[in-house]
Amino acid sequence: MMLEEDAAEGVTGYIKHHLTHLTVDVGQGGFWALHLDSVFFTLVLAFVLILLLSLAARRATSGVPGKFQAAVELLVEFVDDMVKDTFHGSNKFIAPLAITIFCLVFLENFMDILPVDALPAAAKLFGVTHLRTVTTADINTTVGMALGVFLLIQYVGIKEKGVGLFFGEWFTAPFHAHGFFKVLLAPVNFLFRVIEEAVRPLSLSMRLFGNMYAGELIFLLIACFTLGAALNHFSTYFIGFWQIVAGVVWTGFHYLIITLQAFIFMVLTIVYVGIAAEKH
């Protein structure tokens, strides 16, 4: 299903329209542009996640579990074992946090599987001219989550090591020395630590954003196969057939991508927090 206005503007207009956020300016400059669609879908998906996990907890039984309970239990056990192998601190919230990150990022990524025109066309009935449903294809969302993980890393590091040891490592690792050489290497260690800390949120946010943005763009390009095509031409049906084939193939492959990206974001969070808790 194509939006008529987008078809009239051609492929460039169609893609540009679908890559434009529902935006409201809360101040001067692009920095103060608030993407309402990203905020809305993030909150809705977070509510859906809470609802699903609450239902699983309430309906949990010690007897023969249902399919949904079994799936949740497998996920919990898998993540819990991974946290135990990676994180050797005493914080009990790491495993629940990891599960939450995986499930939320997966749900946000899963929105890319929906037909590209479905929700935007429905929103247009209510006067909403632009709507992007994949929140992880918005750099603001991924950077926000990555910064949240970055703050968590600092918190765990200080909690596990204490303020003195935590900030002392900024000047004594990775190059350890004694006496004069310790003072000489302090600026080098500090520079390496700043780079290391800066790379973590950057790698988390850009990897997720880049993969989801590319996936969304490919779906849009596939949708353009028959953009503005006439129904009385045989070529429309020929191209339409291959459009369906391409859509099915890419959708199947994209299931792997959205799951893998959620998994990578979760694993890197656990690893980074585990590194922060270790004494050097």
# chains A, B, ... in the order shown; residues from 1 in each chain; ligands from 1

call {"tool": "residues_around", "arguments": {"residues": "Thr226 (chain A)", "least_positions_apart": "6", "cutoff": "12 Å", "atoms": "only C-alpha atoms", "output": "count of residues only"}}
result
19

call {"tool": "residues_around", "arguments": {"residues": "Leu22 (chain A)", "least_positions_apart": "3", "cutoff": "12 Å", "atoms": "only C-alpha atoms", "output": "list in words"}}
result
His17, His18, Leu19, Asp25, Ala33, Leu34, His35, Leu36, Asp37, Ser38, Val39, Phe40, Phe41, Pro120, Ala123, Lys124, Gly127, Val128, Thr129, His130, Leu131, Arg132, Thr133, Thr135 and Asp138 of chain A

call {"tool": "select_by_dssp", "arguments": {"residues": "region 4-139 of chain A", "states": "alpha helix (DSSP H)", "output": "number ranges by chain"}}
result
A: 4-18, 36-58, 67-86, 94-110, 118-124, 139

call {"tool": "closest_residue", "arguments": {"among": "A:Val183, A:Leu119, A:Thr251, A:Phe263", "to": "Val79 (chain A)", "atoms": "only C-alpha atoms"}}
result
A:Phe263

call {"tool": "atom_distance", "arguments": {"atom1": "CA of Thr142 (chain A)", "atom2": "CA of Arg207 (chain A)"}}
result
9.0 Å

call {"tool": "residues_around", "arguments": {"residues": "Leu204 (chain A)", "least_positions_apart": "3", "cutoff": "10 Å", "atoms": "only C-alpha atoms", "output": "list in words"}}
result
Thr142, Val143, Met145, Ala146, Leu147, Val149, Phe150, Val199, Arg200, Pro201, Arg207, Leu208, Phe209, Gln261, Ile264, Phe265, Met266, Leu268 and Thr269 of chain A

call {"tool": "residues_around", "arguments": {"residues": "region 53-63 of chain A", "least_positions_apart": "6", "cutoff": "12 Å", "atoms": "only C-alpha atoms", "output": "MDAnalysis selection string"}}
result
chainID A and resid 46:47 69:73 75:76 96 99:100 103:104

call {"tool": "write_last_selection", "arguments": {"atoms": "N, CA and C atoms", "output": "compact mmCIF listing (two decimals), in the first residue's frame"}}
result
# COMPACT_ATOMS: atom_id res chain seq x y z
N ALA A 46 7.55 -0.25 25.85
CA ALA A 46 7.94 -0.51 27.24
C ALA A 46 6.74 -0.99 28.04
N PHE A 47 5.58 -0.37 27.81
CA PHE A 47 4.36 -0.80 28.49
C PHE A 47 3.97 -2.21 28.07
N GLN A 69 5.32 -19.34 29.16
CA GLN A 69 6.12 -19.43 30.37
C GLN A 69 7.43 -20.15 30.11
N ALA A 70 7.39 -21.21 29.31
CA ALA A 70 8.61 -21.94 28.98
C ALA A 70 9.60 -21.05 28.23
N ALA A 71 9.08 -20.24 27.31
CA ALA A 71 9.96 -19.35 26.54
C ALA A 71 10.60 -18.30 27.45
N VAL A 72 9.80 -17.75 28.37
CA VAL A 72 10.33 -16.75 29.30
C VAL A 72 11.36 -17.37 30.22
N GLU A 73 11.09 -18.58 30.71
CA GLU A 73 12.04 -19.25 31.60
C GLU A 73 13.35 -19.56 30.89
N LEU A 75 14.63 -17.86 28.42
CA LEU A 75 15.32 -16.58 28.26
C LEU A 75 15.97 -16.15 29.56
N VAL A 76 15.24 -16.26 30.67
CA VAL A 76 15.77 -15.86 31.97
C VAL A 76 16.98 -16.70 32.35
N PRO A 96 18.36 -8.92 35.62
CA PRO A 96 17.08 -8.32 35.20
C PRO A 96 17.27 -7.17 34.23
N ILE A 99 18.01 -8.65 30.75
CA ILE A 99 16.78 -9.19 30.14
C ILE A 99 15.91 -8.06 29.61
N THR A 100 15.78 -7.00 30.42
CA THR A 100 14.97 -5.85 30.01
C THR A 100 15.53 -5.21 28.75
N CYS A 103 14.86 -7.55 25.66
CA CYS A 103 13.45 -7.60 25.25
C CYS A 103 12.99 -6.27 24.67
N LEU A 104 13.38 -5.16 25.30
CA LEU A 104 12.94 -3.85 24.81
C LEU A 104 13.56 -3.53 23.45

call {"tool": "residues_around", "arguments": {"residues": "Arg193 (chain A)", "least_positions_apart": "3", "cutoff": "12 Å", "atoms": "only C-alpha atoms", "output": "ChimeraX atom specification"}}
result
/A:166-175,186-190,196-200,276
